[in-house]
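The structure under discussion appears below in the form of structure tokens.
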Amino acid sequence: MKTQVSREPFGMLDDGTGVDRWTLEAGTGPDALRVRVLTYGGIVQTVEAPDRDGRSGQLALGFRDLASYVAHGGSHFGALVGRYANRIAGAAFPLDGRTYPLTANDGRNSLHGGPRNFSRVVWDARQIENGVELHRVSPDGEEGFPGNLDVRVSYTLSSGPNGGALHLSYDAHTDAPTVVNLTNHTYLHLGGDGSGSATGHELRLAASRYTPVDDTGIPLPGAPAEVAGTRFDFRTARAVGGPYDHNFVLDGGVSTTPRPAAELYDPASGRALELATTQPGLQLYTADHLDGSLTGFSGLPYGPAAGLALETQHFPDSPHRPDYPSTVLRPGEVYQSETVYRFSVRPGEAGGA
């Protein structure tokens, strides 16, 4: 079934720039999936999918109005982040014999590309088959990163016999050597936005290793550690617990087509998420910075672990780690990645979101 795509105004920034909201709808009944995307920050505002009883719920953490996204952008609800998702130590990186200083916004480190990263700007948008494509040229020197980076990100939906899928595809070109690491920062609660802690969700990761970090989130020296015998072992599905803000090394490394990386399941609602990606890593973040001071889409306050972020990406601080998969992009090369979020329901006791 073809995805229905529509656009509407969503507000205006203080400088007069207009922001649109795109709505994508695929499937009907138990196969239904609806996603709303903002041109501000490439934000996934809502993800709506039915539970095992056929009741649709809003699963993504976020806000109802543009002003709240602008005021609370540091939480990155639903956002497209870059140029470099995750952290770069010391807010600087070496490349081809030169050191490029960046804007520090996480202590002494650079996080998600700096304070004015891709989540804080308005993107151009156009309708494509089954979705919307966002486009932006990040100018040379933005937050310290070299090269004019031409970025396109498409959000498309597909439907199947037991649910629908959101496909995120990233494409970037540069006119000078640079580093690139893009991801989406949507927090999900499969029981529904505002349903309390998501730490009871059951998670399985196709990851035999993870990258231990220091107290600033920078990977420690040495090879990634084995998850066996630690709280980082999600090779068999179990409750998330927490807290986590860690990168998992996905089995199989970088791939040309999306491969299974994670499964998330909420026993109460029956909703399940299967995540596939071409990326080598996945950052599990349990949002423990949330303290009830922010009120979300549901009208209820967000406490710790109100949602889980499963951020597919390259490893943190890769520009300083030649032993990690490279994040360097050069003129004539193409940065490409794809992540698929497939939503479904599993039978069981009725319960609900």
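Scheme for the structure tokens: letters A, B, ... for chains in order shown; per-chain residue numbers from 1; ligand numbers from 1 in order shown.
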
May I have the residues within 9 Å of A:Glu8 as a PyMOL selection string, using only C-alpha atoms and disregarding those fewer than 3 positions away in the same chain?
chain A and resi 19-23

Take the selection from the previous step and output its residues with N, CA, C and O atoms, as a PDB file, in the first residue's frame.
ATOM      1  N   VAL A  19       8.713  26.691   9.685  1.00  0.00           N
ATOM      2  CA  VAL A  19       8.960  25.269   9.909  1.00  0.00           C
ATOM      3  C   VAL A  19       7.717  24.494   9.494  1.00  0.00           C
ATOM      4  O   VAL A  19       6.593  24.883   9.827  1.00  0.00           O
ATOM      5  N   ASP A  20       7.924  23.410   8.753  1.00  0.00           N
ATOM      6  CA  ASP A  20       6.816  22.558   8.318  1.00  0.00           C
ATOM      7  C   ASP A  20       6.835  21.230   9.056  1.00  0.00           C
ATOM      8  O   ASP A  20       7.879  20.798   9.568  1.00  0.00           O
ATOM      9  N   ARG A  21       5.667  20.597   9.094  1.00  0.00           N
ATOM     10  CA  ARG A  21       5.540  19.233   9.610  1.00  0.00           C
ATOM     11  C   ARG A  21       5.015  18.341   8.485  1.00  0.00           C
ATOM     12  O   ARG A  21       3.998  18.644   7.869  1.00  0.00           O
ATOM     13  N   TRP A  22       5.732  17.253   8.251  1.00  0.00           N
ATOM     14  CA  TRP A  22       5.338  16.268   7.252  1.00  0.00           C
ATOM     15  C   TRP A  22       4.760  15.051   7.954  1.00  0.00           C
ATOM     16  O   TRP A  22       5.341  14.545   8.927  1.00  0.00           O
ATOM     17  N   THR A  23       3.617  14.590   7.466  1.00  0.00           N
ATOM     18  CA  THR A  23       2.976  13.402   8.031  1.00  0.00           C
ATOM     19  C   THR A  23       3.017  12.276   7.013  1.00  0.00           C
ATOM     20  O   THR A  23       2.598  12.452   5.864  1.00  0.00           O
TER      21      THR A  23
END

Show me, as an MDAnalysis selection string, the residues that have an atom within 8 Å of A:Tyr265 when counting only C-alpha atoms, minus same-chain residues fewer than 6 positions from it.
chainID A and resid 190 201:203 271:273

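Residues lying within 12 Å of A:Asp31, counting only C-alpha atoms and ignoring same-chain neighbours fewer than 5 positions away, are Met1, Glu25, Ala26, Glu48, Ala49, Pro50, Asp51, Arg52, Gly54, Arg55, Ser56, Leu157, Ser158, Ser159, Gly160, Pro161, Asn162, Gly163, Gly164, Ala165, Arg271, Arg342, Phe343, Ser344 and Val345 of chain A.
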
Please provide as a ChimeraX atom specification all residues within 7 Å of A:Ala198, with the sequence filter that same-chain residues fewer than 4 positions apart are discarded (counting only C-alpha atoms).
/A:189,305-308

Please save N, CA and C atoms of the selected residues as a PDB file, in the first residue's frame.
ATOM      1  N   HIS A 189       9.153   4.785  23.725  1.00  0.00           N
ATOM      2  CA  HIS A 189       8.543   3.981  24.781  1.00  0.00           C
ATOM      3  C   HIS A 189       7.442   3.192  24.095  1.00  0.00           C
ATOM      4  N   ALA A 305      14.493   7.482  32.184  1.00  0.00           N
ATOM      5  CA  ALA A 305      14.161   6.356  31.315  1.00  0.00           C
ATOM      6  C   ALA A 305      12.730   6.418  30.789  1.00  0.00           C
ATOM      7  N   ALA A 306      12.217   7.638  30.579  1.00  0.00           N
ATOM      8  CA  ALA A 306      10.886   7.787  29.982  1.00  0.00           C
ATOM      9  C   ALA A 306      10.852   7.250  28.558  1.00  0.00           C
ATOM     10  N   GLY A 307      12.018   7.065  27.978  1.00  0.00           N
ATOM     11  CA  GLY A 307      12.147   6.466  26.657  1.00  0.00           C
ATOM     12  C   GLY A 307      13.563   5.989  26.460  1.00  0.00           C
ATOM     13  N   LEU A 308      13.760   5.128  25.485  1.00  0.00           N
ATOM     14  CA  LEU A 308      15.075   4.575  25.179  1.00  0.00           C
ATOM     15  C   LEU A 308      15.512   5.040  23.790  1.00  0.00           C
TER      16      LEU A 308
END

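Interatomic distance, atom CA of A:Pro219 to atom CA of A:Asn184: 20.9 Å.
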
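Residues within 9 Å of A:Leu24, counting only C-alpha atoms and excluding same-chain residues fewer than 2 positions away, are Thr3, Gln4, Val5, Ser6, Trp22, Ala26, Leu33, Arg34, Val35, Arg36, Val37, Asn130, Gly131, Val132, Tyr155, Thr156 and Leu157 of chain A.
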
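Of the residues listed (A:Gln45, A:Asp14, A:Ala89, A:Gly82), A:Ala89 shows the shortest atom-to-atom separation from A:Pro319; distances use only C-alpha atoms.
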
What is the distance between atom CA of A:Pro221 and atom CA of A:His76, in Å to one decimal?
28.2 Å

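You can rank A:Phe145, A:Phe77, A:Phe315, A:Tyr335 by their closest distance to A:Ile218 using only C-alpha atoms, and at the top of that list sits A:Phe315.
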
Polymer residues at most 8 Å from A:Pro243, only C-alpha atoms, same-chain spacing of 6 or more positions, as number ranges by chain:
A: 285-286, 288

Export of the given selection (N, CA, C and O atoms) as an mmCIF file, in the first residue's frame:
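So again09.cif came out as:
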data_model
loop_
_atom_site.group_PDB
_atom_site.id
_atom_site.type_symbol
_atom_site.label_atom_id
_atom_site.label_comp_id
_atom_site.auth_asym_id
_atom_site.auth_seq_id
_atom_site.Cartn_x
_atom_site.Cartn_y
_atom_site.Cartn_z
ATOM 1 N N TYR A 285 20.951 4.547 25.077
ATOM 2 C CA TYR A 285 20.858 5.638 26.044
ATOM 3 C C TYR A 285 19.502 5.552 26.735
ATOM 4 O O TYR A 285 18.454 5.598 26.084
ATOM 5 N N THR A 286 19.538 5.436 28.056
ATOM 6 C CA THR A 286 18.305 5.271 28.832
ATOM 7 C C THR A 286 17.750 6.595 29.368
ATOM 8 O O THR A 286 16.854 6.586 30.207
ATOM 9 N N ASP A 288 18.601 8.985 31.418
ATOM 10 C CA ASP A 288 18.529 9.181 32.863
ATOM 11 C C ASP A 288 18.727 10.635 33.270
ATOM 12 O O ASP A 288 18.612 10.960 34.458
#

Write out as a PyMOL selection string the set of residues from stretch 60-241 of chain A that DSSP, computed on the backbone, places in helix (DSSP H, G or I).
chain A and resi 66-71+73-75+89-91+118-120+142-144

Output of the above residues as a tab-separated table (two decimals), in the first residue's frame, restricted to all heavy atoms:
chain	number	residue	atom	x	y	z
A	66	LEU	N	6.64	23.98	18.52
A	66	LEU	CA	8.00	24.29	18.08
A	66	LEU	C	8.81	24.98	19.17
A	66	LEU	O	10.00	24.68	19.35
A	66	LEU	CB	7.93	25.18	16.84
A	66	LEU	CG	9.26	25.65	16.26
A	66	LEU	CD1	10.13	24.47	15.83
A	66	LEU	CD2	9.01	26.61	15.09
A	67	ALA	N	8.18	25.88	19.92
A	67	ALA	CA	8.92	26.63	20.95
A	67	ALA	C	9.58	25.71	21.96
A	67	ALA	O	10.70	25.97	22.42
A	67	ALA	CB	7.99	27.61	21.65
A	68	SER	N	8.91	24.60	22.31
A	68	SER	CA	9.49	23.67	23.28
A	68	SER	C	10.72	22.96	22.71
A	68	SER	O	11.70	22.72	23.42
A	68	SER	CB	8.44	22.64	23.71
A	68	SER	OG	7.39	23.26	24.41
A	69	TYR	N	10.68	22.61	21.42
A	69	TYR	CA	11.85	21.99	20.80
A	69	TYR	C	13.04	22.95	20.78
A	69	TYR	O	14.19	22.56	21.02
A	69	TYR	CB	11.53	21.54	19.38
A	69	TYR	CG	10.75	20.25	19.30
A	69	TYR	CD1	9.42	20.24	18.93
A	69	TYR	CD2	11.36	19.03	19.60
A	69	TYR	CE1	8.70	19.06	18.86
A	69	TYR	CE2	10.65	17.85	19.53
A	69	TYR	CZ	9.32	17.86	19.17
A	69	TYR	OH	8.62	16.69	19.10
A	70	VAL	N	12.76	24.22	20.50
A	70	VAL	CA	13.83	25.22	20.48
A	70	VAL	C	14.40	25.42	21.87
A	70	VAL	O	15.62	25.48	22.07
A	70	VAL	CB	13.31	26.55	19.90
A	70	VAL	CG1	14.38	27.64	20.01
A	70	VAL	CG2	12.89	26.37	18.44
A	71	ALA	N	13.52	25.51	22.87
A	71	ALA	CA	13.96	25.79	24.24
A	71	ALA	C	14.70	24.62	24.87
A	71	ALA	O	15.59	24.81	25.71
A	71	ALA	CB	12.76	26.17	25.10
A	73	GLY	N	16.34	21.93	23.20
A	73	GLY	CA	17.04	21.17	22.16
A	73	GLY	C	18.14	20.27	22.69
A	73	GLY	O	18.54	19.31	22.02
A	74	GLY	N	18.63	20.55	23.88
A	74	GLY	CA	19.72	19.74	24.43
A	74	GLY	C	19.35	18.29	24.68
A	74	GLY	O	20.23	17.43	24.79
A	75	SER	N	18.05	18.02	24.78
A	75	SER	CA	17.62	16.63	24.97
A	75	SER	C	17.55	15.86	23.66
A	75	SER	O	17.42	14.64	23.67
A	75	SER	CB	16.25	16.61	25.66
A	75	SER	OG	16.36	17.02	27.00
A	89	ALA	N	36.65	13.68	21.72
A	89	ALA	CA	37.40	14.09	22.91
A	89	ALA	C	38.14	15.40	22.67
A	89	ALA	O	38.74	15.62	21.61
A	89	ALA	CB	38.39	13.00	23.29
A	90	GLY	N	38.10	16.26	23.69
A	90	GLY	CA	38.84	17.51	23.64
A	90	GLY	C	38.34	18.49	22.62
A	90	GLY	O	39.00	19.52	22.37
A	91	ALA	N	37.19	18.24	22.03
A	91	ALA	CA	36.59	19.13	21.03
A	91	ALA	C	37.62	19.53	19.96
A	91	ALA	O	37.76	20.70	19.60
A	91	ALA	CB	36.01	20.37	21.70
A	118	PHE	N	23.05	19.69	13.65
A	118	PHE	CA	22.00	19.52	12.65
A	118	PHE	C	20.60	19.51	13.25
A	118	PHE	O	19.61	19.70	12.54
A	118	PHE	CB	22.23	18.21	11.88
A	118	PHE	CG	23.38	18.26	10.92
A	118	PHE	CD1	24.15	19.40	10.75
A	118	PHE	CD2	23.70	17.15	10.16
A	118	PHE	CE1	25.20	19.44	9.86
A	118	PHE	CE2	24.75	17.17	9.26
A	118	PHE	CZ	25.50	18.32	9.11
A	119	SER	N	20.49	19.29	14.55
A	119	SER	CA	19.18	19.27	15.20
A	119	SER	C	18.64	20.66	15.50
A	119	SER	O	17.50	20.80	15.93
A	119	SER	CB	19.26	18.47	16.51
A	119	SER	OG	19.99	19.18	17.49
A	120	ARG	N	19.45	21.71	15.27
A	120	ARG	CA	19.05	23.07	15.63
A	120	ARG	C	18.88	23.97	14.42
A	120	ARG	O	18.84	25.20	14.56
A	120	ARG	CB	20.11	23.69	16.57
A	120	ARG	CG	20.45	22.86	17.81
A	120	ARG	CD	19.25	22.51	18.66
A	120	ARG	NE	18.62	23.66	19.27
A	120	ARG	CZ	18.91	24.12	20.48
A	120	ARG	NH1	19.82	23.52	21.21
A	120	ARG	NH2	18.27	25.16	20.96
A	142	GLU	N	31.52	25.16	9.89
A	142	GLU	CA	30.41	25.13	10.85
A	142	GLU	C	30.79	24.30	12.08
A	142	GLU	O	31.13	23.13	11.95
A	142	GLU	CB	29.14	24.55	10.19
A	142	GLU	CG	27.91	24.64	11.08
A	142	GLU	CD	26.64	24.29	10.33
A	142	GLU	OE1	26.60	23.17	9.75
A	142	GLU	OE2	25.71	25.11	10.30
A	143	GLU	N	30.74	24.92	13.25
A	143	GLU	CA	31.16	24.30	14.52
A	143	GLU	C	32.59	23.77	14.47
A	143	GLU	O	32.99	22.94	15.28
A	143	GLU	CB	30.19	23.19	14.94
A	143	GLU	CG	28.77	23.65	15.16
A	143	GLU	CD	28.61	24.59	16.35
A	143	GLU	OE1	29.60	24.86	17.05
A	143	GLU	OE2	27.49	25.07	16.56
A	144	GLY	N	33.36	24.24	13.47
A	144	GLY	CA	34.77	23.86	13.35
A	144	GLY	C	35.06	22.77	12.34
A	144	GLY	O	36.23	22.50	12.05

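With distances taken over only C-alpha atoms, A:Ala85 is the one residue among A:Ala85, A:Ala268, A:Val227, A:Ala32 lying closest to A:Asn181.
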
What does the distance from atom CA of A:Arg64 to atom CA of A:Gly114 come to in Å, to one decimal?
25.0 Å

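When only C-alpha atoms are used to measure the gap to A:Leu102, the shortest distance among A:Leu188, A:Gly141, A:Tyr302, A:Glu133 belongs to A:Gly141.
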
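Remark: for A:Leu61, the closest of the candidate residues A:Tyr244, A:Tyr324, A:Tyr187, A:Trp123 is A:Tyr187 (distances computed over only C-alpha atoms).
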
Nearest to A:Asp96 among A:Leu13, A:Leu282, A:Leu300, A:Val328, with distances taken over only C-alpha atoms: which residue is it?
A:Val328
